[in-house]
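Following: one structure in structure tokens, then a few remarks.
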Amino acid sequence: HASRPGSVTAPSGPGNPGYKGLILFLASLPPLRCKGREFAATIRCGGDSTSAAGDIMNSVEERGFLSAGGEMGARIRGHDWTGFAAGTPECWPDTLKSALSLVLGPRFPMFVLWGEQYRCLYNDSFIPILGLRHPQALGRPFQEIWPEIWTTFQPLLQRVRDGESLYFEHMPVRLARNGFEEDTSFTFTYSPLRNGAGEVEGLFCSCIETTEQL
């Protein structure tokens, strides 16, 4: 049928070269993985359904909670989340999405540790604290990011997993974040992140380095 002036008509059938190009493009896309489930990028050739295009649009829309995240919002959107237990960002539980919406915006160092491995997602203001460990720290377990302080912090993290909120003021921490060991101090709070059933799935941290104040 004729298109109205100013309108754009999508390829409508297998005989249209543009249609074949769309099929090839969708076939090349990786599947969306959500907690072990796959939503394949497929389209019924010759029919009216374009489920793959719908999945793609939904994927973009469901990452909207990362839109105001600056550098780290962009890094999280573009990160390869293969192996992350919660799947890709559009599939993350509401608890994690809500926590990141809170964390990514403020100009104050914050991060989330998610799951049993305490995988780290942080905001732009936390980058200087990581030193040379940014950006590789994104999505990695706490123990891998900070091996030199794991034995000190693991019991604290477990207490939060058990439902306790913690606060420390000017806590001394010896870090090797810039290729050499240095004595630092931090004031921070840990709070559990609970799902709708009351189960702790992760923890939220707001912190500030106080090394120069001592």
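Each chain in the structure tokens gets a letter, A, B and so on, in the order shown; residues start at 1 in every chain, and ligands are counted from 1 in the order they appear.
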- Message: Can you pull out the residues contacting A:Pro147? Cut-off 12 Å, using only C-alpha atoms, and skip same-chain residues under 3 positions away; I want them as number ranges by chain.
- Response: A: 133, 140-144, 150-154, 174-177
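Proximity to A:Gly73 was assessed for A:Val173, A:Leu121, A:Leu132, A:Cys91 counting only C-alpha atoms; the smallest distance is recorded for A:Leu121.
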